[in-house]
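Here's run.txt, which has compact mmCIF, C-alpha atoms:
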# COMPACT_ATOMS: atom_id res chain seq x y z
CA MET A 23 -39.21 13.29 -2.39
CA LYS A 24 -39.54 10.65 0.35
CA LYS A 25 -36.16 9.14 -0.63
CA PHE A 26 -34.55 12.60 -0.53
CA ILE A 27 -35.94 13.31 2.94
CA CYS A 28 -34.92 9.89 4.22
CA PHE A 29 -31.34 10.29 2.99
CA HIS A 30 -30.88 13.62 4.71
CA PHE A 31 -32.62 12.42 7.85
CA ILE A 32 -30.04 9.64 8.14
CA LEU A 33 -27.26 12.18 7.64
CA LEU A 34 -28.66 14.39 10.41
CA LEU A 35 -29.07 11.39 12.70
CA LEU A 36 -25.45 10.33 12.16
CA LEU A 37 -24.19 13.79 12.99
CA ILE A 38 -26.23 13.90 16.19
CA LEU A 39 -25.67 10.35 17.40
CA THR A 40 -21.88 10.42 17.37
CA GLY A 41 -21.75 7.43 19.66
CA SER A 42 -23.42 5.14 17.13
CA GLY A 43 -21.67 2.87 14.63
CA LEU A 44 -18.24 1.62 15.70
CA SER A 45 -17.95 0.96 19.41
CA ALA A 46 -15.07 3.37 20.05
CA GLN A 47 -15.86 5.88 17.33
CA LYS A 48 -16.19 9.43 18.60
CA VAL A 49 -17.07 11.39 15.46
CA VAL A 50 -18.78 10.41 12.23
CA ASP A 51 -17.39 12.93 9.74
CA CYS A 52 -20.18 12.68 7.19
CA LEU A 53 -22.49 10.35 5.37
CA ALA A 54 -20.85 9.33 2.09
CA ALA A 55 -23.66 7.15 0.75
CA THR A 56 -26.54 4.84 1.50
CA VAL A 57 -27.11 1.49 -0.18
CA ASP A 58 -30.74 0.65 0.41
CA ARG A 59 -30.85 1.09 4.20
CA GLU A 60 -27.14 0.53 4.78
CA VAL A 61 -24.99 3.56 5.59
CA ILE A 62 -21.45 4.22 4.32
CA THR A 63 -19.60 6.97 6.18
CA LEU A 64 -16.42 8.89 5.47
CA LEU A 65 -14.75 6.78 8.14
CA ASP A 66 -15.72 3.62 6.22
CA LEU A 67 -13.97 5.00 3.14
CA LYS A 68 -10.83 5.74 5.16
CA ILE A 69 -10.77 2.28 6.73
CA TYR A 70 -11.28 0.49 3.43
CA ARG A 71 -8.68 2.65 1.70
CA GLU A 72 -6.03 2.25 4.38
CA LEU A 73 -6.66 -1.17 5.92
CA ILE A 74 -8.68 -3.29 3.50
CA PHE A 75 -7.81 -2.35 -0.06
CA LEU A 76 -4.65 -3.33 -1.88
CA PRO A 77 -2.26 -0.43 -2.70
CA ALA A 78 -3.49 -0.16 -6.30
CA GLU A 79 -7.10 0.14 -5.14
CA SER A 80 -6.18 2.63 -2.41
CA ALA A 81 -4.68 4.97 -4.99
CA ALA A 82 -8.06 5.44 -6.67
CA ASP A 83 -10.01 8.68 -6.36
CA PRO A 84 -12.78 8.90 -3.72
CA GLU A 85 -15.57 8.12 -6.20
CA LYS A 86 -13.84 4.93 -7.33
CA ILE A 87 -13.19 3.94 -3.71
CA LEU A 88 -16.87 4.43 -2.89
CA GLU A 89 -17.92 2.56 -6.03
CA LYS A 90 -15.78 -0.39 -4.97
CA ILE A 91 -17.20 -0.38 -1.43
CA ILE A 92 -20.75 -0.34 -2.78
CA GLU A 93 -19.88 -3.31 -5.00
CA ILE A 94 -18.34 -5.17 -2.05
CA LYS A 95 -21.42 -4.62 0.09
CA LEU A 96 -23.87 -5.75 -2.57
CA VAL A 97 -21.91 -8.88 -3.46
CA ALA A 98 -21.27 -9.72 0.21
CA ARG A 99 -25.00 -9.40 0.86
CA GLU A 100 -25.68 -12.08 -1.75
CA ALA A 101 -22.80 -14.24 -0.50
CA ARG A 102 -24.22 -14.37 3.02
CA LYS A 103 -27.21 -16.26 1.62
CA GLU A 104 -24.95 -19.11 0.46
CA LEU A 105 -21.68 -19.03 2.42
CA SER A 106 -20.64 -19.22 6.06
CA PHE A 107 -17.77 -17.44 7.79
CA GLY A 108 -16.13 -18.91 10.88
CA HIS A 109 -13.26 -18.48 13.33
CA GLU A 110 -10.73 -20.11 10.99
CA GLU A 111 -11.54 -17.72 8.15
CA MET A 112 -11.29 -14.74 10.50
CA SER A 113 -7.91 -15.81 11.88
CA ARG A 114 -6.57 -16.20 8.35
CA ALA A 115 -7.96 -12.82 7.29
CA LEU A 116 -6.33 -11.07 10.26
CA ASP A 117 -3.01 -12.81 9.66
CA ASP A 118 -3.08 -11.81 5.99
CA LEU A 119 -3.83 -8.18 6.89
CA PHE A 120 -1.01 -7.98 9.45
CA LYS A 121 1.44 -9.50 6.96
CA LEU A 122 0.38 -7.17 4.16
CA LYS A 123 0.19 -3.89 6.09
CA GLY A 124 2.30 -4.60 9.17
CA GLU A 125 0.64 -5.39 12.52
CA GLU A 126 2.15 -2.39 14.26
CA LYS A 127 0.88 0.02 11.59
CA VAL A 128 -2.56 -1.60 11.57
CA ARG A 129 -2.95 -1.36 15.34
CA ALA A 130 -1.74 2.25 15.32
CA ARG A 131 -4.37 3.12 12.72
CA MET A 132 -7.02 1.26 14.68
CA GLU A 133 -6.21 3.43 17.68
CA THR A 134 -6.39 6.60 15.57
CA TYR A 135 -9.86 5.68 14.31
CA GLY A 136 -11.08 4.23 17.61
CA LEU A 137 -11.49 0.73 16.14
CA THR A 138 -11.72 -2.34 18.30
CA LEU A 139 -10.64 -5.71 16.95
CA LYS A 140 -14.32 -6.62 16.60
CA ASP A 141 -14.88 -3.49 14.49
CA LEU A 142 -12.01 -4.40 12.19
CA GLU A 143 -13.26 -7.96 11.88
CA SER A 144 -16.58 -6.73 10.47
CA TYR A 145 -14.75 -5.12 7.54
CA LEU A 146 -12.58 -8.19 6.96
CA LYS A 147 -15.64 -10.42 7.06
CA GLU A 148 -17.39 -8.36 4.42
CA LYS A 149 -14.29 -8.44 2.20
CA TRP A 150 -14.05 -12.22 2.62
CA PHE A 151 -17.66 -12.75 1.52
CA TYR A 152 -17.05 -10.54 -1.52
CA GLU A 153 -13.87 -12.30 -2.63
CA GLU A 154 -15.19 -15.80 -1.95
CA MET A 155 -18.36 -15.15 -3.92
CA LEU A 156 -16.44 -13.84 -6.92
CA ALA A 157 -14.00 -16.75 -6.73
CA ARG A 158 -16.88 -19.21 -6.90
CA ARG A 159 -18.40 -17.42 -9.86
CA GLN A 160 -15.06 -17.65 -11.64
CA THR A 161 -15.53 -21.43 -11.78
CA GLN A 162 -18.94 -21.34 -13.47
CA GLN A 163 -19.31 -23.30 -16.68
CA VAL A 164 -19.47 -21.46 -20.01
CA ASN A 165 -19.59 -22.82 -23.54
CA VAL A 166 -16.98 -21.91 -26.15
CA THR A 167 -17.66 -22.83 -29.76
CA LEU A 168 -15.14 -23.67 -32.45
CA LYS A 169 -16.40 -20.69 -34.44
CA GLU A 170 -15.58 -18.37 -31.53
CA ILE A 171 -12.09 -19.86 -31.31
CA GLU A 172 -11.51 -19.38 -35.04
CA ASN A 173 -12.74 -15.77 -34.93
CA TYR A 174 -10.56 -15.01 -31.92
CA TYR A 175 -7.52 -16.48 -33.70
CA LEU A 176 -8.10 -14.45 -36.86
CA GLU A 177 -9.20 -11.19 -35.29
CA ARG A 178 -7.15 -10.98 -32.12
CA TYR A 179 -4.40 -13.57 -31.84
CA LEU A 180 -2.85 -12.85 -35.24
CA ALA A 181 -3.14 -9.08 -34.66
CA GLU A 182 -1.40 -9.40 -31.28
CA LYS A 183 1.48 -11.35 -32.76
CA LYS A 184 1.85 -8.92 -35.64
CA ALA A 185 1.91 -5.93 -33.27
CA ALA A 186 4.55 -7.66 -31.13
CA ARG A 187 6.51 -8.69 -34.25
CA GLU A 188 6.36 -12.31 -33.16
CA GLU A 189 5.76 -15.39 -35.25
CA ALA A 190 2.18 -16.66 -35.03
CA ARG A 191 1.70 -20.33 -34.28
CA PRO A 192 -0.88 -22.43 -36.16
CA LEU A 193 -4.40 -22.52 -34.75
CA VAL A 194 -4.12 -26.19 -33.83
CA GLU A 195 -1.20 -25.41 -31.51
CA VAL A 196 -2.89 -22.56 -29.62
CA ILE A 197 -6.50 -23.75 -29.61
CA GLY A 198 -6.39 -24.60 -25.89
CA GLU A 199 -4.89 -21.25 -24.95
CA ILE A 200 -7.46 -19.36 -27.00
CA GLU A 201 -10.32 -21.37 -25.53
CA ARG A 202 -9.15 -20.45 -22.02
CA ARG A 203 -8.94 -16.78 -22.96
CA ILE A 204 -12.46 -16.75 -24.38
CA ARG A 205 -13.81 -18.60 -21.36
CA GLN A 206 -12.17 -16.10 -18.97
CA ASP A 207 -13.54 -13.17 -20.97
CA LYS A 208 -17.06 -14.63 -20.88
CA ILE A 209 -16.94 -15.28 -17.15
CA LYS A 210 -15.63 -11.77 -16.51
CA GLU A 211 -18.46 -10.33 -18.62
CA GLN A 212 -21.08 -12.43 -16.81
CA ILE A 213 -19.80 -11.32 -13.41
CA ALA A 214 -19.83 -7.68 -14.51
CA LEU A 215 -23.44 -8.01 -15.70
CA TRP A 216 -24.43 -9.72 -12.44
CA ILE A 217 -22.90 -6.94 -10.35
CA LYS A 218 -24.56 -4.32 -12.57
CA GLY A 219 -27.88 -6.02 -11.90
CA LEU A 220 -27.28 -5.84 -8.14
CA LYS A 221 -26.56 -2.12 -8.42
CA ASP A 222 -29.56 -1.49 -10.65
CA ARG A 223 -31.88 -3.13 -8.12
CA ALA A 224 -30.41 -1.25 -5.15
CA ILE A 225 -31.36 2.26 -4.05
CA ILE A 226 -28.02 4.09 -3.93
CA LYS A 227 -27.62 7.69 -2.76
CA ILE A 228 -24.24 9.46 -2.83
CA ASN A 229 -23.20 12.61 -0.98
CA GLN A 230 -20.61 14.34 -3.18
CA ASP A 231 -19.80 16.93 -0.51
CA CYS A 232 -18.66 14.15 1.79
CA LEU A 233 -16.41 12.63 -0.89
CA LYS A 234 -14.69 15.99 -1.31
CA MET A 235 -13.59 15.76 2.31
CA LEU A 236 -11.65 12.59 1.50
CA GLU A 237 -10.00 14.29 -1.47
CA ARG A 238 -8.57 16.95 0.84
CA GLU A 239 -7.04 14.45 3.24
CA ALA A 240 -3.59 12.95 2.77
CA ARG A 241 -3.38 9.17 2.49
CA TRP A 242 -1.84 7.13 5.25
CA PRO A 243 1.68 6.32 4.05
CA GLU A 244 2.37 2.66 3.30

Written as structure tokens, how would this file's structure read?
Amino acid sequence: MKKFICFHFILLLLLILTGSGLSAQKVVDCLAATVDREVITLLDLKIYRELIFLPAESAADPEKILEKIIEIKLVAREARKELSFGHEEMSRALDDLFKLKGEEKVRARMETYGLTLKDLESYLKEKWFYEEMLARRQTQQVNVTLKEIENYYLERYLAEKKAAREEARPLVEVIGEIERRIRQDKIKEQIALWIKGLKDRAIIKINQDCLKMLEREARWPE
């Protein structure tokens, strides 16, 4: 009951204190979610969808967009304990954004949402921590046994070649390729389990009514 009251108290506070949050923000549409004590608003979803995400991510439905933002925040929180972010990283992040989306379009959207450059930088910084942390975890060491390689060859590699109507090469010729595949699969699984653990330990509350507001809005054209 205390968590329920706290969640709705934050929502009420956001609606009253329209001057809080981003420096030039005039209206906070609604509270989309809370992750522990951190608030995610409808405006956050719009900014991530239109300025931060890649086109494929932006096309996702509101629930998937929110799920991704929650993941970014949790991973970035852990990354801040190990990594540092400086002026050089920020300059590169801004340059990349302007090249990807177009500086004129980005600045026009910033004006629409009342974002200052400092506001935008906070989103880019969070995204950088997320991506850098995952990149580092991609390099972690995992063991691959010969038995795993043999099983992969028999159960997956041969089936793939048969389905594609291609000639299968002997195991000795593809052992390195198969080892890399298994290693990548293991790392991906470990990262997924790690992120799931972060979510399981967090207190996450989602406001479905707020997400419906994003569904009704047209996306910013690329």

Counting all atoms listed in the file, select every polymer residue within 9 Å of (-23.6, 8.2, -3.4) as defined in the file's coordinates, and provide the selection as an NGL selection string. :A and (54-57 or 62 or 85 or 88-89 or 226-230 or 233)

Rank nothing, just name the residue among A:Lys90, A:Lys234, A:Arg205, A:Arg223 nearest to Gln160 in chain A, using only C-alpha atoms. A:Arg205

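Here the question is which of A:Tyr145, A:Lys183, A:Leu122, A:Lys208 gets nearest to Gln163 in chain A using only C-alpha atoms, and that residue is A:Lys208.
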
Between CA of Leu67 in chain A and CA of Ser80 in chain A, distance in Å (one decimal): 9.9 Å

Which residues are close to Ala81 in chain A, i.e. within 10 Å by all atoms listed in the file, leaving aside same-chain residues fewer than 6 positions away? Reply as a short mmCIF file (atom, residue, chain, number, x, y, z; two decimals) with C-alpha atoms, in the frame of the given file.
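Output contents, as saved in part-v7.cif:
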data_model
loop_
_atom_site.label_atom_id
_atom_site.label_comp_id
_atom_site.auth_asym_id
_atom_site.auth_seq_id
_atom_site.Cartn_x
_atom_site.Cartn_y
_atom_site.Cartn_z
CA ARG A 71 -8.68 2.65 1.70
CA GLU A 72 -6.03 2.25 4.38
CA PHE A 75 -7.81 -2.35 -0.06
CA ILE A 87 -13.19 3.94 -3.71
CA ARG A 241 -3.38 9.17 2.49
#

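Residues in contact with Asn165 in chain A at up to 12 Å, not including ones fewer than 4 positions away on its chain and judged by all atoms listed in the file, are Lys169, Glu170, Ile171, Glu201, Arg202, Ile204, Arg205, Gln206, Asp207, Lys208 and Ile209 of chain A.
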
What does the file look like for those residues with C-alpha atoms, as a PDB file, in the coordinates of the input?
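Result written to part-v6.pdb:
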ATOM      1  CA  LYS A 169     -16.400 -20.690 -34.440  1.00  0.00           C
ATOM      2  CA  GLU A 170     -15.580 -18.370 -31.530  1.00  0.00           C
ATOM      3  CA  ILE A 171     -12.090 -19.860 -31.310  1.00  0.00           C
ATOM      4  CA  GLU A 201     -10.320 -21.370 -25.530  1.00  0.00           C
ATOM      5  CA  ARG A 202      -9.150 -20.450 -22.020  1.00  0.00           C
ATOM      6  CA  ILE A 204     -12.460 -16.750 -24.380  1.00  0.00           C
ATOM      7  CA  ARG A 205     -13.810 -18.600 -21.360  1.00  0.00           C
ATOM      8  CA  GLN A 206     -12.170 -16.100 -18.970  1.00  0.00           C
ATOM      9  CA  ASP A 207     -13.540 -13.170 -20.970  1.00  0.00           C
ATOM     10  CA  LYS A 208     -17.060 -14.630 -20.880  1.00  0.00           C
ATOM     11  CA  ILE A 209     -16.940 -15.280 -17.150  1.00  0.00           C
TER      12      ILE A 209
END

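Taking CA of Ile91 in chain A and CA of Glu126 in chain A as endpoints, the distance between them is 25.0 Å.
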
Given the choices A:Arg203, A:Lys147, A:Lys103, A:Lys68, which gets closest to Tyr135 in chain A if the distance is worked out from only C-alpha atoms? A:Lys68

Compile the contact shell of Ile200 in chain A as a PyMOL selection string: residues with an atom at most 12 Å away, counting all atoms listed in the file, same-chain residues fewer than 5 positions apart removed. chain A and resi 166-180+191-195+205-207

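A straight line drawn from CA of Leu73 in chain A to CA of Leu119 in chain A is 7.6 Å long.
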
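When all atoms listed in the file are used to measure the gap to Ile69 in chain A, the shortest distance among A:Glu211, A:Glu182, A:Glu189, A:Glu133 belongs to A:Glu133.
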
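Near Lys95 in chain A, within 8 Å and counting only C-alpha atoms, sit Ile91, Arg99, Glu148 and Tyr152 of chain A; same-chain residues fewer than 4 positions away were not included.
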
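Look at Ala224 in chain A: the protein and nucleic acid residues within 12 Å of it, using only C-alpha atoms and passing over chain neighbours fewer than 4 places away, are Thr56, Val57, Asp58, Arg59, Glu60, Ile92, Glu93, Lys95, Leu96, Val97, Arg99, Ile217, Lys218, Gly219 and Leu220 of chain A.
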
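In this comparison, which uses all atoms listed in the file, the residue of A:Lys140, A:Lys149, A:Lys210, A:Lys184 approaching Ala115 in chain A most closely is A:Lys149.
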
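Distance check against Val128 in chain A using all atoms listed in the file: of A:Ile94, A:Ala181, A:Ile74, A:Leu156, the minimum falls on A:Ile74.
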